[in-house]
>>> print(open('start-v5.cif').read())   # mmCIF, N, CA and C atoms
data_work
#
loop_
_atom_site.label_atom_id
_atom_site.label_comp_id
_atom_site.auth_asym_id
_atom_site.auth_seq_id
_atom_site.Cartn_x
_atom_site.Cartn_y
_atom_site.Cartn_z
N MET A 1 -5.67 23.91 19.97
CA MET A 1 -6.29 23.89 18.67
C MET A 1 -7.79 23.71 18.86
N HIS A 2 -8.55 24.53 18.20
CA HIS A 2 -10.02 24.45 18.28
C HIS A 2 -10.53 23.25 17.48
N ASN A 3 -11.75 22.83 17.82
CA ASN A 3 -12.34 21.68 17.13
C ASN A 3 -12.40 21.91 15.63
N SER A 4 -12.77 23.12 15.21
CA SER A 4 -12.87 23.39 13.78
C SER A 4 -11.51 23.30 13.10
N GLU A 5 -10.45 23.73 13.78
CA GLU A 5 -9.10 23.61 13.22
C GLU A 5 -8.68 22.15 13.14
N ALA A 6 -9.03 21.38 14.15
CA ALA A 6 -8.71 19.95 14.15
C ALA A 6 -9.43 19.25 13.00
N MET A 7 -10.67 19.61 12.78
CA MET A 7 -11.42 19.01 11.67
C MET A 7 -10.83 19.42 10.33
N ALA A 8 -10.41 20.67 10.21
CA ALA A 8 -9.80 21.13 8.95
C ALA A 8 -8.49 20.39 8.68
N LEU A 9 -7.68 20.18 9.72
CA LEU A 9 -6.44 19.42 9.57
C LEU A 9 -6.75 17.98 9.19
N SER A 10 -7.73 17.37 9.86
CA SER A 10 -8.13 16.00 9.54
C SER A 10 -8.58 15.88 8.10
N ALA A 11 -9.39 16.82 7.66
CA ALA A 11 -9.88 16.79 6.28
C ALA A 11 -8.73 16.95 5.29
N ALA A 12 -7.79 17.83 5.59
CA ALA A 12 -6.65 18.03 4.69
C ALA A 12 -5.79 16.77 4.60
N LEU A 13 -5.52 16.13 5.72
CA LEU A 13 -4.72 14.89 5.71
C LEU A 13 -5.43 13.78 4.93
N LEU A 14 -6.73 13.65 5.14
CA LEU A 14 -7.48 12.63 4.41
C LEU A 14 -7.52 12.94 2.91
N ALA A 15 -7.66 14.22 2.56
CA ALA A 15 -7.67 14.60 1.15
C ALA A 15 -6.33 14.30 0.50
N VAL A 16 -5.24 14.61 1.18
CA VAL A 16 -3.91 14.32 0.63
C VAL A 16 -3.73 12.81 0.48
N ALA A 17 -4.14 12.04 1.48
CA ALA A 17 -3.99 10.58 1.39
C ALA A 17 -4.81 10.02 0.24
N GLY A 18 -6.03 10.49 0.08
CA GLY A 18 -6.87 10.02 -1.01
C GLY A 18 -6.30 10.41 -2.37
N ASP A 19 -5.82 11.63 -2.48
CA ASP A 19 -5.22 12.09 -3.74
C ASP A 19 -3.96 11.30 -4.05
N LEU A 20 -3.14 11.06 -3.05
CA LEU A 20 -1.91 10.29 -3.24
C LEU A 20 -2.24 8.88 -3.72
N THR A 21 -3.19 8.22 -3.08
CA THR A 21 -3.60 6.88 -3.47
C THR A 21 -4.07 6.86 -4.92
N GLN A 22 -4.91 7.82 -5.28
CA GLN A 22 -5.45 7.86 -6.64
C GLN A 22 -4.36 8.14 -7.67
N ARG A 23 -3.45 9.05 -7.36
CA ARG A 23 -2.40 9.39 -8.32
C ARG A 23 -1.39 8.24 -8.48
N ILE A 24 -1.12 7.52 -7.41
CA ILE A 24 -0.26 6.34 -7.54
C ILE A 24 -0.98 5.29 -8.40
N HIS A 25 -2.25 5.07 -8.12
CA HIS A 25 -3.02 4.11 -8.91
C HIS A 25 -3.04 4.50 -10.39
N ASP A 26 -3.29 5.77 -10.66
CA ASP A 26 -3.30 6.24 -12.05
C ASP A 26 -1.95 6.00 -12.72
N GLY A 27 -0.86 6.21 -11.98
CA GLY A 27 0.47 5.97 -12.51
C GLY A 27 0.73 4.51 -12.79
N VAL A 28 0.23 3.64 -11.94
CA VAL A 28 0.37 2.20 -12.14
C VAL A 28 -0.40 1.78 -13.39
N VAL A 29 -1.61 2.27 -13.53
CA VAL A 29 -2.42 1.94 -14.71
C VAL A 29 -1.74 2.47 -15.98
N ALA A 30 -1.21 3.69 -15.91
CA ALA A 30 -0.52 4.27 -17.07
C ALA A 30 0.70 3.46 -17.47
N ARG A 31 1.27 2.72 -16.54
CA ARG A 31 2.44 1.88 -16.83
C ARG A 31 2.04 0.48 -17.28
N GLY A 32 0.76 0.28 -17.56
CA GLY A 32 0.31 -0.97 -18.16
C GLY A 32 -0.36 -1.96 -17.25
N PHE A 33 -0.49 -1.67 -15.97
CA PHE A 33 -1.11 -2.59 -15.03
C PHE A 33 -2.59 -2.20 -14.87
N THR A 34 -3.37 -2.53 -15.88
CA THR A 34 -4.75 -2.04 -15.96
C THR A 34 -5.75 -2.88 -15.18
N ASP A 35 -5.33 -4.04 -14.70
CA ASP A 35 -6.26 -4.91 -13.97
C ASP A 35 -6.06 -4.84 -12.46
N ILE A 36 -5.48 -3.76 -12.00
CA ILE A 36 -5.15 -3.57 -10.59
C ILE A 36 -6.08 -2.53 -9.97
N ARG A 37 -6.41 -2.76 -8.69
CA ARG A 37 -7.16 -1.79 -7.90
C ARG A 37 -6.25 -1.27 -6.79
N PRO A 38 -6.55 -0.10 -6.22
CA PRO A 38 -5.70 0.40 -5.12
C PRO A 38 -5.56 -0.60 -3.98
N ALA A 39 -6.59 -1.37 -3.67
CA ALA A 39 -6.49 -2.35 -2.58
C ALA A 39 -5.38 -3.36 -2.84
N HIS A 40 -5.14 -3.67 -4.11
CA HIS A 40 -4.05 -4.59 -4.44
C HIS A 40 -2.71 -4.00 -4.01
N GLY A 41 -2.53 -2.72 -4.25
CA GLY A 41 -1.28 -2.07 -3.86
C GLY A 41 -1.04 -2.13 -2.36
N PHE A 42 -2.10 -1.95 -1.58
CA PHE A 42 -1.95 -2.04 -0.13
C PHE A 42 -1.57 -3.47 0.28
N ALA A 43 -2.09 -4.46 -0.44
CA ALA A 43 -1.71 -5.85 -0.18
C ALA A 43 -0.26 -6.10 -0.58
N PHE A 44 0.14 -5.57 -1.76
CA PHE A 44 1.52 -5.75 -2.22
C PHE A 44 2.51 -5.17 -1.22
N ALA A 45 2.14 -4.06 -0.58
CA ALA A 45 3.02 -3.44 0.41
C ALA A 45 3.31 -4.41 1.56
N ARG A 46 2.33 -5.23 1.92
CA ARG A 46 2.54 -6.21 3.01
C ARG A 46 3.26 -7.46 2.52
N LEU A 47 3.00 -7.84 1.29
CA LEU A 47 3.62 -9.05 0.75
C LEU A 47 5.11 -8.86 0.47
N ALA A 48 5.50 -7.65 0.13
CA ALA A 48 6.92 -7.36 -0.10
C ALA A 48 7.56 -7.10 1.25
N PRO A 49 8.74 -7.55 1.54
CA PRO A 49 9.64 -8.30 0.68
C PRO A 49 9.58 -9.82 0.87
N ASP A 50 9.03 -10.30 1.99
CA ASP A 50 9.19 -11.72 2.32
C ASP A 50 7.91 -12.54 2.27
N GLY A 51 6.82 -11.96 1.78
CA GLY A 51 5.57 -12.68 1.73
C GLY A 51 4.82 -12.59 3.05
N ALA A 52 3.61 -13.14 3.07
CA ALA A 52 2.77 -13.11 4.26
C ALA A 52 1.71 -14.20 4.13
N THR A 53 1.13 -14.58 5.24
CA THR A 53 0.00 -15.49 5.21
C THR A 53 -1.27 -14.68 4.97
N VAL A 54 -2.35 -15.39 4.67
CA VAL A 54 -3.64 -14.71 4.51
C VAL A 54 -4.02 -14.00 5.81
N THR A 55 -3.74 -14.63 6.94
CA THR A 55 -4.05 -14.01 8.24
C THR A 55 -3.25 -12.72 8.43
N ASP A 56 -1.95 -12.76 8.10
CA ASP A 56 -1.12 -11.55 8.19
C ASP A 56 -1.70 -10.44 7.32
N LEU A 57 -2.09 -10.80 6.12
CA LEU A 57 -2.63 -9.83 5.17
C LEU A 57 -3.95 -9.26 5.68
N ALA A 58 -4.79 -10.09 6.26
CA ALA A 58 -6.07 -9.62 6.80
C ALA A 58 -5.85 -8.58 7.90
N VAL A 59 -4.90 -8.86 8.78
CA VAL A 59 -4.60 -7.90 9.85
C VAL A 59 -4.07 -6.60 9.26
N HIS A 60 -3.17 -6.71 8.30
CA HIS A 60 -2.59 -5.52 7.66
C HIS A 60 -3.66 -4.66 6.99
N LEU A 61 -4.60 -5.30 6.30
CA LEU A 61 -5.63 -4.56 5.57
C LEU A 61 -6.82 -4.17 6.44
N GLY A 62 -6.93 -4.77 7.62
CA GLY A 62 -8.07 -4.47 8.49
C GLY A 62 -9.36 -5.09 7.99
N VAL A 63 -9.24 -6.30 7.43
CA VAL A 63 -10.40 -7.01 6.89
C VAL A 63 -10.46 -8.41 7.50
N THR A 64 -11.53 -9.13 7.19
CA THR A 64 -11.65 -10.50 7.66
C THR A 64 -10.70 -11.41 6.88
N LYS A 65 -10.45 -12.59 7.42
CA LYS A 65 -9.62 -13.56 6.71
C LYS A 65 -10.29 -13.96 5.40
N GLN A 66 -11.61 -14.03 5.40
CA GLN A 66 -12.32 -14.39 4.18
C GLN A 66 -12.12 -13.33 3.09
N ALA A 67 -12.19 -12.06 3.46
CA ALA A 67 -11.97 -10.99 2.48
C ALA A 67 -10.54 -11.00 1.97
N ALA A 68 -9.58 -11.21 2.87
CA ALA A 68 -8.18 -11.28 2.45
C ALA A 68 -7.96 -12.48 1.54
N SER A 69 -8.60 -13.60 1.84
CA SER A 69 -8.48 -14.80 1.02
C SER A 69 -9.02 -14.54 -0.40
N GLN A 70 -10.13 -13.83 -0.50
CA GLN A 70 -10.69 -13.49 -1.81
C GLN A 70 -9.75 -12.58 -2.59
N LEU A 71 -9.13 -11.63 -1.91
CA LEU A 71 -8.18 -10.75 -2.57
C LEU A 71 -6.96 -11.55 -3.04
N VAL A 72 -6.48 -12.47 -2.21
CA VAL A 72 -5.35 -13.32 -2.60
C VAL A 72 -5.72 -14.16 -3.81
N ASP A 73 -6.91 -14.76 -3.80
CA ASP A 73 -7.35 -15.54 -4.95
C ASP A 73 -7.29 -14.69 -6.23
N GLU A 74 -7.72 -13.46 -6.12
CA GLU A 74 -7.74 -12.56 -7.28
C GLU A 74 -6.33 -12.24 -7.78
N ILE A 75 -5.42 -11.88 -6.87
CA ILE A 75 -4.08 -11.50 -7.34
C ILE A 75 -3.28 -12.73 -7.80
N VAL A 76 -3.58 -13.89 -7.25
CA VAL A 76 -2.95 -15.12 -7.74
C VAL A 76 -3.47 -15.42 -9.15
N ARG A 77 -4.77 -15.34 -9.34
CA ARG A 77 -5.38 -15.60 -10.65
C ARG A 77 -4.83 -14.64 -11.72
N LYS A 78 -4.56 -13.40 -11.33
CA LYS A 78 -4.05 -12.39 -12.27
C LYS A 78 -2.54 -12.48 -12.47
N GLY A 79 -1.87 -13.33 -11.69
CA GLY A 79 -0.45 -13.56 -11.87
C GLY A 79 0.47 -12.65 -11.07
N TYR A 80 -0.07 -11.92 -10.11
CA TYR A 80 0.74 -10.99 -9.30
C TYR A 80 1.36 -11.64 -8.06
N ALA A 81 0.81 -12.76 -7.65
CA ALA A 81 1.31 -13.44 -6.45
C ALA A 81 1.13 -14.94 -6.63
N GLU A 82 1.80 -15.70 -5.78
CA GLU A 82 1.65 -17.14 -5.78
C GLU A 82 1.69 -17.65 -4.35
N ARG A 83 1.08 -18.82 -4.16
CA ARG A 83 1.09 -19.48 -2.86
C ARG A 83 2.26 -20.46 -2.82
N ARG A 84 2.96 -20.45 -1.69
CA ARG A 84 4.07 -21.38 -1.48
C ARG A 84 3.90 -22.03 -0.11
N PRO A 85 4.54 -23.18 0.09
CA PRO A 85 4.52 -23.76 1.44
C PRO A 85 5.19 -22.79 2.42
N HIS A 86 4.62 -22.68 3.62
CA HIS A 86 5.21 -21.82 4.64
C HIS A 86 6.44 -22.52 5.20
N PRO A 87 7.56 -21.84 5.31
CA PRO A 87 8.79 -22.50 5.77
C PRO A 87 8.77 -22.92 7.24
N GLU A 88 7.87 -22.34 8.03
CA GLU A 88 7.85 -22.64 9.46
C GLU A 88 6.55 -23.25 9.96
N ASP A 89 5.50 -23.24 9.14
CA ASP A 89 4.19 -23.72 9.56
C ASP A 89 3.58 -24.54 8.43
N ALA A 90 3.57 -25.85 8.58
CA ALA A 90 3.09 -26.74 7.53
C ALA A 90 1.61 -26.52 7.22
N ARG A 91 0.86 -25.95 8.16
CA ARG A 91 -0.57 -25.73 7.94
C ARG A 91 -0.84 -24.47 7.13
N ALA A 92 0.11 -23.56 7.07
CA ALA A 92 -0.11 -22.26 6.43
C ALA A 92 0.54 -22.22 5.05
N ARG A 93 0.08 -21.31 4.24
CA ARG A 93 0.67 -21.04 2.94
C ARG A 93 1.21 -19.61 2.97
N LEU A 94 2.35 -19.42 2.34
CA LEU A 94 2.96 -18.10 2.25
C LEU A 94 2.59 -17.52 0.89
N ILE A 95 2.07 -16.30 0.90
CA ILE A 95 1.72 -15.60 -0.33
C ILE A 95 2.88 -14.68 -0.67
N VAL A 96 3.46 -14.84 -1.85
CA VAL A 96 4.61 -14.03 -2.26
C VAL A 96 4.33 -13.40 -3.62
N LEU A 97 4.97 -12.27 -3.86
CA LEU A 97 4.83 -11.61 -5.15
C LEU A 97 5.59 -12.38 -6.23
N THR A 98 5.03 -12.42 -7.41
CA THR A 98 5.70 -12.97 -8.59
C THR A 98 6.51 -11.85 -9.24
N ALA A 99 7.19 -12.17 -10.33
CA ALA A 99 7.92 -11.13 -11.08
C ALA A 99 6.96 -10.03 -11.52
N GLN A 100 5.75 -10.41 -11.92
CA GLN A 100 4.75 -9.42 -12.34
C GLN A 100 4.33 -8.55 -11.14
N GLY A 101 4.19 -9.16 -9.97
CA GLY A 101 3.85 -8.40 -8.77
C GLY A 101 4.95 -7.40 -8.40
N TRP A 102 6.20 -7.84 -8.54
CA TRP A 102 7.32 -6.94 -8.26
C TRP A 102 7.37 -5.81 -9.28
N ALA A 103 7.09 -6.10 -10.54
CA ALA A 103 7.08 -5.06 -11.56
C ALA A 103 6.00 -4.03 -11.27
N CYS A 104 4.85 -4.48 -10.84
CA CYS A 104 3.77 -3.57 -10.47
C CYS A 104 4.16 -2.72 -9.26
N THR A 105 4.84 -3.34 -8.31
CA THR A 105 5.31 -2.62 -7.13
C THR A 105 6.30 -1.53 -7.52
N ARG A 106 7.20 -1.85 -8.43
CA ARG A 106 8.15 -0.83 -8.92
C ARG A 106 7.43 0.30 -9.64
N ALA A 107 6.39 -0.05 -10.40
CA ALA A 107 5.59 0.98 -11.08
C ALA A 107 4.93 1.91 -10.06
N ALA A 108 4.46 1.35 -8.96
CA ALA A 108 3.85 2.17 -7.90
C ALA A 108 4.90 3.08 -7.25
N GLU A 109 6.10 2.55 -7.05
CA GLU A 109 7.18 3.37 -6.47
C GLU A 109 7.52 4.53 -7.40
N GLU A 110 7.57 4.28 -8.70
CA GLU A 110 7.85 5.34 -9.66
C GLU A 110 6.75 6.40 -9.64
N ALA A 111 5.50 5.95 -9.60
CA ALA A 111 4.38 6.88 -9.55
C ALA A 111 4.41 7.71 -8.27
N ALA A 112 4.73 7.06 -7.15
CA ALA A 112 4.82 7.79 -5.87
C ALA A 112 5.92 8.84 -5.94
N ALA A 113 7.05 8.49 -6.56
CA ALA A 113 8.15 9.45 -6.69
C ALA A 113 7.72 10.66 -7.52
N GLU A 114 6.91 10.44 -8.54
CA GLU A 114 6.41 11.55 -9.35
C GLU A 114 5.52 12.48 -8.52
N VAL A 115 4.65 11.89 -7.72
CA VAL A 115 3.75 12.69 -6.88
C VAL A 115 4.56 13.50 -5.87
N VAL A 116 5.49 12.85 -5.20
CA VAL A 116 6.30 13.54 -4.21
C VAL A 116 7.18 14.60 -4.89
N GLY A 117 7.63 14.31 -6.09
CA GLY A 117 8.39 15.31 -6.85
C GLY A 117 7.58 16.58 -7.08
N ALA A 118 6.30 16.43 -7.35
CA ALA A 118 5.43 17.60 -7.51
C ALA A 118 5.30 18.35 -6.19
N TRP A 119 5.26 17.62 -5.08
CA TRP A 119 5.21 18.28 -3.77
C TRP A 119 6.49 19.06 -3.53
N VAL A 120 7.63 18.49 -3.94
CA VAL A 120 8.92 19.18 -3.77
C VAL A 120 8.92 20.47 -4.58
N GLU A 121 8.39 20.43 -5.79
CA GLU A 121 8.31 21.65 -6.61
C GLU A 121 7.45 22.71 -5.94
N LEU A 122 6.38 22.28 -5.29
CA LEU A 122 5.45 23.20 -4.64
C LEU A 122 5.98 23.73 -3.32
N LEU A 123 6.53 22.86 -2.49
CA LEU A 123 6.90 23.21 -1.12
C LEU A 123 8.40 23.37 -0.90
N GLY A 124 9.20 22.75 -1.74
CA GLY A 124 10.64 22.71 -1.53
C GLY A 124 11.03 21.42 -0.85
N GLU A 125 12.26 20.98 -1.12
CA GLU A 125 12.73 19.70 -0.60
C GLU A 125 12.79 19.67 0.92
N GLY A 126 13.23 20.75 1.53
CA GLY A 126 13.32 20.79 2.99
C GLY A 126 11.96 20.67 3.65
N GLU A 127 10.95 21.32 3.09
CA GLU A 127 9.61 21.25 3.67
C GLU A 127 9.03 19.83 3.53
N VAL A 128 9.26 19.21 2.39
CA VAL A 128 8.74 17.86 2.19
C VAL A 128 9.45 16.88 3.13
N ARG A 129 10.75 17.03 3.28
CA ARG A 129 11.50 16.18 4.22
C ARG A 129 10.98 16.38 5.65
N ALA A 130 10.75 17.63 6.05
CA ALA A 130 10.23 17.93 7.39
C ALA A 130 8.82 17.35 7.56
N LEU A 131 8.00 17.43 6.52
CA LEU A 131 6.66 16.86 6.57
C LEU A 131 6.74 15.35 6.80
N ARG A 132 7.60 14.68 6.05
CA ARG A 132 7.78 13.23 6.23
C ARG A 132 8.21 12.90 7.66
N GLU A 133 9.17 13.65 8.18
CA GLU A 133 9.67 13.38 9.53
C GLU A 133 8.57 13.59 10.57
N ARG A 134 7.78 14.63 10.42
CA ARG A 134 6.71 14.90 11.40
C ARG A 134 5.62 13.85 11.32
N LEU A 135 5.22 13.48 10.11
CA LEU A 135 4.18 12.46 9.98
C LEU A 135 4.67 11.12 10.50
N THR A 136 5.93 10.82 10.29
CA THR A 136 6.50 9.57 10.81
C THR A 136 6.53 9.57 12.34
N ARG A 137 6.72 10.73 12.94
CA ARG A 137 6.67 10.80 14.42
C ARG A 137 5.26 10.53 14.92
N ILE A 138 4.26 10.98 14.18
CA ILE A 138 2.87 10.78 14.60
C ILE A 138 2.46 9.32 14.44
N ALA A 139 2.80 8.71 13.30
CA ALA A 139 2.41 7.32 13.02
C ALA A 139 3.61 6.56 12.49
N PRO A 140 4.53 6.19 13.39
CA PRO A 140 5.79 5.59 12.94
C PRO A 140 5.66 4.22 12.29
N TYR A 141 4.63 3.48 12.62
CA TYR A 141 4.52 2.11 12.13
C TYR A 141 3.26 1.84 11.31
N GLY A 142 2.60 2.90 10.87
CA GLY A 142 1.38 2.68 10.08
C GLY A 142 0.18 2.43 10.97
N PRO A 143 -0.72 1.56 10.58
CA PRO A 143 -0.67 0.72 9.40
C PRO A 143 -1.01 1.51 8.14
N ILE A 144 -0.55 1.00 7.02
CA ILE A 144 -0.89 1.60 5.74
C ILE A 144 -1.95 0.71 5.13
N ARG A 145 -3.16 1.18 5.16
CA ARG A 145 -4.28 0.36 4.65
C ARG A 145 -5.29 1.26 3.98
N PRO A 146 -6.09 0.65 3.10
CA PRO A 146 -7.12 1.44 2.43
C PRO A 146 -8.18 1.89 3.41
N ALA A 147 -8.79 3.00 3.10
CA ALA A 147 -9.92 3.48 3.91
C ALA A 147 -11.18 2.93 3.26
N TRP A 148 -11.53 1.73 3.66
CA TRP A 148 -12.67 1.04 3.03
C TRP A 148 -13.86 1.89 3.22
#
>>> encode(input="start-v5.cif", output="structure tokens")
Amino acid sequence: MHNSEAMALSAALLAVAGDLTQRIHDGVVARGFTDIRPAHGFAFARLAPDGATVTDLAVHLGVTKQAASQLVDEIVRKGYAERRPHPEDARARLIVLTAQGWACTRAAEEAAAEVVGAWVELLGEGEVRALRERLTRIAPYGPIRPAW
């Protein structure tokens, strides 16, 4: 593959990722979660299903502990998450989603399904399934984080 082809593929993947993020966010807002930013969704993905520490969240998002702590303060203040004692480390706090956080997460899942449904209409179910399988082979474990 020539450099120009590699750049075109890179640009297409980044464009799809950006469009997907925006369309999921738009779907979440349309479902009534108007005080949410896309970065919150990336945090919710790490907090579900069992919670995480601020340090875990910082690593997941690729930010400093201070930045992750500020984001946690914000989502706690808005009612999407809460701090609990860590079951294994008395010095740490576990950040978990509240019922409102779970509802927002479900709204994001619904919005994602709508976007992928449009891809299925465009490409066909087999092509979308093959795309998922190939992308998973390239990056099987993520990370899934915002492109700050």
>>> closest_residue(input="start-v5.cif", among="A:Val28, A:Leu97, A:Ala12, A:Lys65", to="Gly51 of chain A", atoms="only N, CA and C atoms")
A:Leu97
>>> residues_around(input="start-v5.cif", residues="segment 71-84 of chain A", least_positions_apart="4", cutoff="10 Å", atoms="only C-alpha atoms", output="PyMOL selection string")
chain A and resi 35-36+39-40+43-44+47+51-54+57-58+65-67+92-105
>>> residues_near_point(input="start-v5.cif", point="(5.1, -1.5, -19.4)", cutoff="9 Å", atoms="only C-alpha atoms", output="mmCIF file with N, CA and C atoms, in the frame of the given file")
data_model
loop_
_atom_site.group_PDB
_atom_site.id
_atom_site.type_symbol
_atom_site.label_atom_id
_atom_site.label_comp_id
_atom_site.auth_asym_id
_atom_site.auth_seq_id
_atom_site.Cartn_x
_atom_site.Cartn_y
_atom_site.Cartn_z
ATOM 1 N N ALA A 30 -1.210 3.690 -15.910
ATOM 2 C CA ALA A 30 -0.520 4.270 -17.070
ATOM 3 C C ALA A 30 0.700 3.460 -17.470
ATOM 4 N N ARG A 31 1.270 2.720 -16.540
ATOM 5 C CA ARG A 31 2.440 1.880 -16.830
ATOM 6 C C ARG A 31 2.040 0.480 -17.280
ATOM 7 N N GLY A 32 0.760 0.280 -17.560
ATOM 8 C CA GLY A 32 0.310 -0.970 -18.160
ATOM 9 C C GLY A 32 -0.360 -1.960 -17.250
ATOM 10 N N PHE A 33 -0.490 -1.670 -15.970
ATOM 11 C CA PHE A 33 -1.110 -2.590 -15.030
ATOM 12 C C PHE A 33 -2.590 -2.200 -14.870
ATOM 13 N N ALA A 103 7.090 -6.100 -10.540
ATOM 14 C CA ALA A 103 7.080 -5.060 -11.560
ATOM 15 C C ALA A 103 6.000 -4.030 -11.270
ATOM 16 N N ALA A 107 6.390 -0.050 -10.400
ATOM 17 C CA ALA A 107 5.590 0.980 -11.080
ATOM 18 C C ALA A 107 4.930 1.910 -10.060
#
>>> atom_distance(input="start-v5.cif", atom1="atom CA of His60 of chain A", atom2="atom CA of Pro143 of chain A")
6.8 Å
>>> residues_around(input="start-v5.cif", residues="Leu14 of chain A", least_positions_apart="6", cutoff="12 Å", atoms="only C-alpha atoms", output="number ranges by chain")
A: 7-8, 20-21, 146-147
>>> select_by_dssp(input="start-v5.cif", residues="segment 4-136 of chain A", states="alpha helix (DSSP H)", output="PyMOL selection string")
chain A and resi 4-30+38-47+54-61+65-77+99-123+125-136
>>> atom_distance(input="start-v5.cif", atom1="atom N of Phe42 of chain A", atom2="atom N of Gly62 of chain A")
10.8 Å
>>> atom_distance(input="start-v5.cif", atom1="atom CA of Thr55 of chain A", atom2="atom CA of Ser69 of chain A")
8.5 Å
>>> closest_residue(input="start-v5.cif", among="A:Gly142, A:Gly41, A:Pro87, A:Gly18", to="Glu109 of chain A", atoms="only C-alpha atoms")
A:Gly41
>>> resolve_selection(input="start-v5.cif", expression="the PyMOL selection byres (((chain A and resi 115-128 and name CA) around 12) and name CA)", output="MDAnalysis selection string")
chainID A and resid 16:17 19:27 108:114 129:135
